[in-house]
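Next comes coords_6.cif, with mmCIF, N, CA and C atoms and all ligand atoms.
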data_coords
loop_
_atom_site.label_atom_id
_atom_site.label_comp_id
_atom_site.auth_asym_id
_atom_site.auth_seq_id
_atom_site.Cartn_x
_atom_site.Cartn_y
_atom_site.Cartn_z
N MET A 1 15.88 -11.20 3.27
CA MET A 1 15.74 -11.81 1.95
C MET A 1 16.13 -10.78 0.90
N GLU A 2 16.99 -11.18 0.02
CA GLU A 2 17.40 -10.30 -1.06
C GLU A 2 16.63 -10.65 -2.33
N LEU A 3 16.17 -9.61 -3.00
CA LEU A 3 15.43 -9.79 -4.25
C LEU A 3 16.07 -8.95 -5.33
N ASP A 4 16.08 -9.48 -6.55
CA ASP A 4 16.56 -8.67 -7.66
C ASP A 4 15.39 -7.87 -8.23
N ALA A 5 15.64 -7.13 -9.30
CA ALA A 5 14.60 -6.26 -9.87
C ALA A 5 13.39 -7.03 -10.38
N GLY A 6 13.58 -8.31 -10.68
CA GLY A 6 12.49 -9.15 -11.14
C GLY A 6 11.80 -9.89 -10.02
N LEU A 7 12.18 -9.54 -8.78
CA LEU A 7 11.67 -10.15 -7.54
C LEU A 7 12.03 -11.64 -7.43
N GLN A 8 13.17 -12.00 -8.00
CA GLN A 8 13.71 -13.34 -7.81
C GLN A 8 14.61 -13.32 -6.59
N THR A 9 14.51 -14.35 -5.76
CA THR A 9 15.34 -14.43 -4.57
C THR A 9 16.76 -14.85 -4.95
N SER A 10 17.60 -14.98 -3.95
CA SER A 10 18.97 -15.42 -4.20
C SER A 10 19.02 -16.89 -4.60
N ILE A 11 17.90 -17.59 -4.49
CA ILE A 11 17.80 -18.97 -4.96
C ILE A 11 17.20 -18.94 -6.36
N PRO A 12 17.96 -19.27 -7.39
CA PRO A 12 17.44 -19.17 -8.77
C PRO A 12 16.12 -19.92 -8.95
N GLY A 13 15.15 -19.24 -9.56
CA GLY A 13 13.86 -19.85 -9.82
C GLY A 13 12.85 -19.68 -8.71
N ILE A 14 13.27 -19.12 -7.59
CA ILE A 14 12.35 -18.86 -6.48
C ILE A 14 12.08 -17.35 -6.44
N PHE A 15 10.82 -17.00 -6.60
CA PHE A 15 10.42 -15.59 -6.65
C PHE A 15 9.57 -15.25 -5.43
N ALA A 16 9.51 -13.98 -5.11
CA ALA A 16 8.68 -13.52 -4.00
C ALA A 16 7.75 -12.42 -4.51
N THR A 17 6.58 -12.34 -3.91
CA THR A 17 5.65 -11.28 -4.29
C THR A 17 4.73 -10.97 -3.11
N GLY A 18 3.93 -9.96 -3.25
CA GLY A 18 3.03 -9.57 -2.17
C GLY A 18 3.82 -9.06 -0.98
N ASN A 19 3.26 -9.22 0.20
CA ASN A 19 3.91 -8.69 1.40
C ASN A 19 5.14 -9.47 1.79
N VAL A 20 5.40 -10.59 1.14
CA VAL A 20 6.67 -11.28 1.35
C VAL A 20 7.80 -10.42 0.79
N ALA A 21 7.53 -9.73 -0.32
CA ALA A 21 8.55 -8.90 -0.95
C ALA A 21 8.68 -7.55 -0.24
N TYR A 22 7.58 -6.87 -0.05
CA TYR A 22 7.52 -5.60 0.68
C TYR A 22 6.07 -5.30 0.98
N VAL A 23 5.83 -4.38 1.88
CA VAL A 23 4.47 -4.10 2.33
C VAL A 23 3.69 -3.41 1.22
N HIS A 24 2.49 -3.91 0.97
CA HIS A 24 1.61 -3.35 -0.05
C HIS A 24 0.43 -2.65 0.62
N ASP A 25 -0.14 -1.68 -0.09
CA ASP A 25 -1.27 -0.98 0.48
C ASP A 25 -2.61 -1.54 0.03
N LEU A 26 -2.67 -2.16 -1.15
CA LEU A 26 -3.93 -2.69 -1.65
C LEU A 26 -3.72 -4.08 -2.25
N VAL A 27 -4.70 -4.94 -2.05
CA VAL A 27 -4.60 -6.28 -2.62
C VAL A 27 -4.59 -6.21 -4.16
N ASP A 28 -5.21 -5.18 -4.71
CA ASP A 28 -5.20 -5.02 -6.18
C ASP A 28 -3.76 -4.91 -6.68
N ASN A 29 -2.92 -4.21 -5.91
CA ASN A 29 -1.52 -4.07 -6.30
C ASN A 29 -0.77 -5.39 -6.16
N VAL A 30 -1.15 -6.17 -5.17
CA VAL A 30 -0.54 -7.50 -5.01
C VAL A 30 -0.85 -8.36 -6.23
N VAL A 31 -2.09 -8.30 -6.70
CA VAL A 31 -2.50 -9.10 -7.86
C VAL A 31 -1.71 -8.68 -9.10
N ARG A 32 -1.58 -7.36 -9.30
CA ARG A 32 -0.81 -6.87 -10.47
C ARG A 32 0.64 -7.33 -10.40
N GLU A 33 1.21 -7.20 -9.21
CA GLU A 33 2.61 -7.59 -9.05
C GLU A 33 2.77 -9.10 -9.23
N ALA A 34 1.85 -9.87 -8.67
CA ALA A 34 1.92 -11.33 -8.79
C ALA A 34 1.86 -11.77 -10.24
N ALA A 35 1.05 -11.09 -11.05
CA ALA A 35 0.96 -11.43 -12.48
C ALA A 35 2.31 -11.19 -13.16
N ALA A 36 2.96 -10.08 -12.80
CA ALA A 36 4.26 -9.78 -13.39
C ALA A 36 5.32 -10.80 -12.93
N VAL A 37 5.27 -11.17 -11.67
CA VAL A 37 6.23 -12.14 -11.15
C VAL A 37 5.99 -13.52 -11.76
N ALA A 38 4.73 -13.87 -11.96
CA ALA A 38 4.42 -15.15 -12.61
C ALA A 38 5.02 -15.18 -14.01
N GLY A 39 4.96 -14.03 -14.71
CA GLY A 39 5.59 -13.95 -16.02
C GLY A 39 7.09 -14.18 -15.93
N ASN A 40 7.70 -13.68 -14.88
CA ASN A 40 9.14 -13.89 -14.69
C ASN A 40 9.44 -15.36 -14.39
N ALA A 41 8.56 -16.02 -13.66
CA ALA A 41 8.76 -17.45 -13.39
C ALA A 41 8.70 -18.24 -14.69
N VAL A 42 7.78 -17.86 -15.56
CA VAL A 42 7.69 -18.52 -16.87
C VAL A 42 8.96 -18.25 -17.67
N SER A 43 9.43 -17.01 -17.64
CA SER A 43 10.67 -16.66 -18.35
C SER A 43 11.83 -17.50 -17.84
N PHE A 44 11.89 -17.67 -16.53
CA PHE A 44 12.97 -18.46 -15.93
C PHE A 44 12.92 -19.90 -16.47
N LEU A 45 11.71 -20.47 -16.51
CA LEU A 45 11.58 -21.85 -16.99
C LEU A 45 11.91 -21.97 -18.47
N GLN A 46 11.69 -20.88 -19.21
CA GLN A 46 11.98 -20.89 -20.64
C GLN A 46 13.42 -20.50 -20.94
N GLY A 47 14.15 -20.12 -19.89
CA GLY A 47 15.55 -19.77 -20.07
C GLY A 47 15.78 -18.36 -20.59
N THR A 48 14.76 -17.51 -20.48
CA THR A 48 14.92 -16.11 -20.91
C THR A 48 15.02 -15.22 -19.68
N ALA A 49 15.49 -14.00 -19.90
CA ALA A 49 15.75 -13.08 -18.78
C ALA A 49 14.45 -12.54 -18.19
N PRO A 50 14.32 -12.55 -16.85
CA PRO A 50 13.16 -11.95 -16.21
C PRO A 50 13.16 -10.43 -16.43
N GLN A 51 11.98 -9.83 -16.36
CA GLN A 51 11.83 -8.38 -16.50
C GLN A 51 11.75 -7.73 -15.11
N ALA A 52 12.18 -6.49 -15.03
CA ALA A 52 12.05 -5.75 -13.77
C ALA A 52 10.56 -5.59 -13.46
N VAL A 53 10.20 -5.78 -12.22
CA VAL A 53 8.80 -5.64 -11.79
C VAL A 53 8.65 -4.27 -11.12
N PRO A 54 7.75 -3.42 -11.63
CA PRO A 54 7.57 -2.11 -11.00
C PRO A 54 6.93 -2.24 -9.63
N ARG A 55 7.19 -1.27 -8.78
CA ARG A 55 6.53 -1.24 -7.47
C ARG A 55 5.17 -0.61 -7.66
N PHE A 56 4.16 -1.43 -7.41
CA PHE A 56 2.80 -0.96 -7.63
C PHE A 56 2.26 -0.20 -6.42
N SER A 57 2.80 -0.47 -5.24
CA SER A 57 2.24 0.13 -4.04
C SER A 57 2.95 1.42 -3.69
N LEU A 58 2.24 2.29 -3.02
CA LEU A 58 2.80 3.57 -2.62
C LEU A 58 3.72 3.45 -1.42
N GLN A 59 3.47 2.43 -0.58
CA GLN A 59 4.26 2.21 0.62
C GLN A 59 4.30 3.43 1.52
N LYS A 60 3.22 4.08 1.69
CA LYS A 60 3.18 5.22 2.60
C LYS A 60 2.54 4.79 3.91
N ASP A 61 3.18 5.13 4.99
CA ASP A 61 2.60 4.88 6.29
C ASP A 61 1.39 5.81 6.43
N PRO A 62 0.20 5.29 6.78
CA PRO A 62 -0.98 6.14 6.88
C PRO A 62 -0.79 7.31 7.83
N ALA A 63 0.07 7.19 8.79
CA ALA A 63 0.25 8.27 9.76
C ALA A 63 1.49 9.09 9.44
N GLU A 64 2.03 8.89 8.25
CA GLU A 64 3.28 9.56 7.93
C GLU A 64 3.11 11.09 7.97
N THR A 65 4.03 11.71 8.64
CA THR A 65 4.06 13.16 8.67
C THR A 65 5.23 13.60 7.81
N VAL A 66 5.01 14.55 6.95
CA VAL A 66 6.09 15.03 6.11
C VAL A 66 7.12 15.70 7.01
N ALA A 67 8.34 15.19 6.95
CA ALA A 67 9.38 15.59 7.90
C ALA A 67 9.61 17.10 7.93
N SER A 68 9.53 17.72 6.78
CA SER A 68 9.86 19.14 6.74
C SER A 68 8.70 20.02 7.21
N ASP A 69 7.53 19.47 7.37
CA ASP A 69 6.37 20.28 7.75
C ASP A 69 5.47 19.47 8.68
N PRO A 70 5.54 19.74 9.99
CA PRO A 70 4.73 18.97 10.93
C PRO A 70 3.23 19.18 10.76
N HIS A 71 2.85 20.17 9.96
CA HIS A 71 1.43 20.43 9.74
C HIS A 71 0.92 19.80 8.45
N THR A 72 1.73 18.92 7.86
CA THR A 72 1.33 18.27 6.62
C THR A 72 1.39 16.76 6.79
N GLN A 73 0.33 16.07 6.39
CA GLN A 73 0.33 14.61 6.44
C GLN A 73 0.00 14.07 5.06
N ARG A 74 0.66 12.97 4.71
CA ARG A 74 0.40 12.31 3.43
C ARG A 74 0.07 10.86 3.69
N PHE A 75 -0.92 10.37 3.00
CA PHE A 75 -1.31 8.97 3.12
C PHE A 75 -2.14 8.59 1.90
N PRO A 76 -2.14 7.30 1.56
CA PRO A 76 -2.91 6.88 0.39
C PRO A 76 -4.39 6.78 0.71
N CYS A 77 -5.20 7.15 -0.26
CA CYS A 77 -6.64 6.91 -0.14
C CYS A 77 -6.87 5.43 -0.41
N VAL A 78 -7.66 4.79 0.44
CA VAL A 78 -7.91 3.35 0.29
C VAL A 78 -9.36 3.08 -0.12
N VAL A 79 -10.04 4.11 -0.58
CA VAL A 79 -11.45 3.93 -0.96
C VAL A 79 -11.59 3.14 -2.25
N CYS A 80 -10.66 3.32 -3.19
CA CYS A 80 -10.72 2.55 -4.43
C CYS A 80 -9.29 2.22 -4.87
N PRO A 81 -9.12 1.35 -5.86
CA PRO A 81 -7.77 0.89 -6.24
C PRO A 81 -6.85 1.97 -6.83
N ASN A 82 -7.34 3.16 -7.11
CA ASN A 82 -6.46 4.19 -7.66
C ASN A 82 -5.37 4.61 -6.67
N SER A 83 -5.62 4.43 -5.38
CA SER A 83 -4.63 4.73 -4.33
C SER A 83 -4.05 6.14 -4.45
N CYS A 84 -4.88 7.12 -4.66
CA CYS A 84 -4.39 8.50 -4.75
C CYS A 84 -3.63 8.87 -3.48
N LEU A 85 -2.51 9.55 -3.64
CA LEU A 85 -1.73 9.98 -2.49
C LEU A 85 -2.30 11.33 -2.01
N LEU A 86 -2.94 11.28 -0.85
CA LEU A 86 -3.60 12.47 -0.31
C LEU A 86 -2.62 13.28 0.52
N THR A 87 -2.77 14.58 0.46
CA THR A 87 -1.98 15.48 1.29
C THR A 87 -2.94 16.37 2.05
N VAL A 88 -2.77 16.42 3.37
CA VAL A 88 -3.62 17.25 4.21
C VAL A 88 -2.75 18.26 4.94
N HIS A 89 -3.06 19.51 4.75
CA HIS A 89 -2.36 20.58 5.45
C HIS A 89 -3.24 21.03 6.62
N LEU A 90 -2.60 21.14 7.78
CA LEU A 90 -3.30 21.59 8.98
C LEU A 90 -2.84 23.00 9.33
N ASP A 91 -3.76 23.79 9.91
CA ASP A 91 -3.36 25.13 10.33
C ASP A 91 -2.73 25.05 11.73
N ALA A 92 -2.36 26.19 12.27
CA ALA A 92 -1.66 26.23 13.56
C ALA A 92 -2.51 25.64 14.68
N ALA A 93 -3.84 25.67 14.52
CA ALA A 93 -4.75 25.13 15.54
C ALA A 93 -5.02 23.64 15.33
N GLY A 94 -4.40 23.04 14.29
CA GLY A 94 -4.60 21.63 14.02
C GLY A 94 -5.85 21.33 13.21
N GLN A 95 -6.47 22.36 12.69
CA GLN A 95 -7.67 22.18 11.86
C GLN A 95 -7.26 21.99 10.39
N ILE A 96 -8.07 21.29 9.64
CA ILE A 96 -7.77 21.05 8.23
C ILE A 96 -7.84 22.36 7.45
N ALA A 97 -6.72 22.70 6.84
CA ALA A 97 -6.67 23.92 6.03
C ALA A 97 -6.85 23.61 4.55
N GLU A 98 -6.31 22.47 4.11
CA GLU A 98 -6.37 22.14 2.69
C GLU A 98 -6.19 20.64 2.49
N ILE A 99 -6.91 20.09 1.57
CA ILE A 99 -6.76 18.68 1.19
C ILE A 99 -6.49 18.65 -0.30
N SER A 100 -5.47 17.89 -0.70
CA SER A 100 -5.16 17.79 -2.13
C SER A 100 -4.74 16.34 -2.46
N GLY A 101 -4.64 16.06 -3.73
CA GLY A 101 -4.22 14.74 -4.20
C GLY A 101 -5.36 13.81 -4.53
N HIS A 102 -6.56 14.17 -4.12
CA HIS A 102 -7.72 13.31 -4.39
C HIS A 102 -8.23 13.56 -5.81
N ARG A 103 -8.77 12.49 -6.38
CA ARG A 103 -9.37 12.61 -7.71
C ARG A 103 -10.88 12.70 -7.67
N CYS A 104 -11.45 12.48 -6.50
CA CYS A 104 -12.91 12.55 -6.40
C CYS A 104 -13.28 12.97 -4.98
N ARG A 105 -14.55 13.28 -4.79
CA ARG A 105 -14.99 13.77 -3.49
C ARG A 105 -14.94 12.69 -2.41
N ARG A 106 -15.00 11.41 -2.82
CA ARG A 106 -14.91 10.34 -1.81
C ARG A 106 -13.52 10.37 -1.16
N GLY A 107 -12.50 10.66 -1.96
CA GLY A 107 -11.14 10.75 -1.41
C GLY A 107 -10.99 11.91 -0.45
N LYS A 108 -11.63 13.03 -0.78
CA LYS A 108 -11.58 14.19 0.12
C LYS A 108 -12.26 13.86 1.44
N ALA A 109 -13.40 13.17 1.36
CA ALA A 109 -14.12 12.77 2.57
C ALA A 109 -13.29 11.78 3.39
N PHE A 110 -12.59 10.87 2.69
CA PHE A 110 -11.73 9.91 3.39
C PHE A 110 -10.61 10.64 4.12
N ALA A 111 -9.98 11.61 3.46
CA ALA A 111 -8.90 12.37 4.08
C ALA A 111 -9.40 13.08 5.34
N ARG A 112 -10.56 13.68 5.22
CA ARG A 112 -11.14 14.39 6.37
C ARG A 112 -11.39 13.42 7.52
N GLN A 113 -11.94 12.26 7.20
CA GLN A 113 -12.22 11.26 8.24
C GLN A 113 -10.93 10.75 8.89
N GLU A 114 -9.90 10.52 8.07
CA GLU A 114 -8.64 10.02 8.61
C GLU A 114 -8.03 10.99 9.62
N ILE A 115 -8.21 12.28 9.38
CA ILE A 115 -7.65 13.28 10.28
C ILE A 115 -8.53 13.48 11.51
N LEU A 116 -9.84 13.56 11.30
CA LEU A 116 -10.74 13.93 12.39
C LEU A 116 -11.30 12.76 13.17
N ASP A 117 -11.53 11.63 12.49
CA ASP A 117 -12.19 10.49 13.13
C ASP A 117 -11.76 9.20 12.44
N PRO A 118 -10.48 8.83 12.58
CA PRO A 118 -9.99 7.64 11.86
C PRO A 118 -10.68 6.36 12.33
N HIS A 119 -11.06 5.54 11.38
CA HIS A 119 -11.69 4.26 11.69
C HIS A 119 -10.71 3.14 11.41
N ARG A 120 -10.64 2.15 12.27
CA ARG A 120 -9.75 1.01 12.10
C ARG A 120 -10.52 -0.27 12.39
N THR A 121 -10.13 -1.33 11.74
CA THR A 121 -10.70 -2.64 12.01
C THR A 121 -9.62 -3.49 12.67
N LEU A 122 -9.93 -4.01 13.83
CA LEU A 122 -8.98 -4.85 14.55
C LEU A 122 -9.51 -6.28 14.54
N THR A 123 -8.73 -7.17 13.99
CA THR A 123 -9.14 -8.58 13.96
C THR A 123 -8.31 -9.37 14.96
N GLY A 124 -8.86 -10.43 15.47
CA GLY A 124 -8.15 -11.25 16.43
C GLY A 124 -8.79 -12.62 16.55
N ASN A 125 -8.17 -13.47 17.33
CA ASN A 125 -8.67 -14.82 17.57
C ASN A 125 -8.90 -15.02 19.05
N ILE A 126 -9.94 -15.74 19.39
CA ILE A 126 -10.23 -16.07 20.78
C ILE A 126 -10.36 -17.59 20.88
N ALA A 127 -9.56 -18.19 21.76
CA ALA A 127 -9.66 -19.63 21.97
C ALA A 127 -10.94 -19.94 22.77
N VAL A 128 -11.68 -20.93 22.31
CA VAL A 128 -12.94 -21.30 22.97
C VAL A 128 -12.90 -22.79 23.33
N LYS A 129 -13.29 -23.11 24.57
CA LYS A 129 -13.39 -24.51 24.97
C LYS A 129 -14.85 -24.86 25.15
N PHE A 130 -15.28 -25.92 24.53
CA PHE A 130 -16.66 -26.37 24.68
C PHE A 130 -16.73 -27.40 25.80
N LEU A 131 -17.68 -27.24 26.70
CA LEU A 131 -17.82 -28.12 27.85
C LEU A 131 -18.91 -29.15 27.58
N ASN A 132 -18.59 -30.24 26.93
CA ASN A 132 -19.56 -31.32 26.75
C ASN A 132 -18.88 -32.65 26.64
S1 LIG A 201 -9.49 9.94 -4.22
FE1 LIG A 201 -11.18 8.97 -5.36
S2 LIG A 201 -10.18 8.10 -7.16
FE2 LIG A 201 -8.55 8.50 -5.67
S3 LIG A 201 -8.31 6.56 -4.52
FE3 LIG A 201 -9.76 7.86 -3.39
S4 LIG A 201 -11.78 7.21 -4.10
FE4 LIG A 201 -10.28 6.48 -5.60
#

What does the file become when written as structure tokens?
Ligand code: SF4
Amino acid sequence: MELDAGLQTSIPGIFATGNVAYVHDLVDNVVREAAAVAGNAVSFLQGTAPQAVPRFSLQKDPAETVASDPHTQRFPCVVCPNSCLLTVHLDAAGQIAEISGHRCRRGKAFARQEILDPHRTLTGNIAVKFLN
């Protein structure tokens, strides 16, 4: 799917937002982007030019390793909507040497947890048959 800067598809008047457009890290960013895209839809109906929609999400893979330094990892903090981009430097033994990019101690704690004891939530569906 091709999108222009206003997130309009190749079909005039049809816009895309959220993970349809690109992967987002926080639903808060989806809401901000959707509001901007809705404004563009209104502009389209009024016959005025849509505005470019900024990318609100960081689009960082949580496990991203900085290519030039295998001892450095960058990932967004997901504790609050600020989405601070955290950087964790590891020493030669793989221990945390430095954490930066956080704006508060909760972000530092999140970075430490992501490196030492990452938590994930796995959702799924199970088909159930009732025997009656
Ligand atoms: S570091 Fe603090 S301010 Fe930044 S996203 Fe995490 S919790 Fe929010």

Close residues to ligand LIG 201 (chain A) using only N, CA and C atoms and all ligand atoms, limit 8 Å, as a ChimeraX atom specification: /A:76-86,101-111

Atomic separation - CA of Gly18 in chain A relative to CA of Ile115 in chain A, Å: 28.1 Å

Test item, helix (DSSP H, G or I) assignment across chain A, answer as a ChimeraX atom specification: /A:18-20,27-46,105-116

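Counting from CA of Thr87 in chain A, the distance to CA of Val53 in chain A is 27.1 Å.
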
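Our summary of the geometry notes that atom C of Gln73 in chain A is positioned 21.5 Å from CA of Tyr22 in chain A.
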
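Within chain A, the backbone-based DSSP assignment of strand (DSSP E) covers Thr72, Gln73, Arg74, Phe75, Pro76, Leu85, Leu86, Thr87, Val88, His89, Leu90, Ile96, Ala97, Glu98, Ile99 and Ser100 of chain A.
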
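When the distance limit is 8 Å and only C-alpha atoms are what count, the residues near Glu33 in chain A, minus those fewer than 2 positions from it on the same chain, are Thr17, Gly18, Asn29, Val30, Val31, Ala35, Ala36, Val37, Val53, Pro54, Arg55 and Phe56 of chain A.
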
Residue neighbourhood Ala16 in chain A, 6 Å, only N, CA and C atoms, exclusion window fewer than 6 positions, as an MDAnalysis selection string: chainID A and resid 7:9
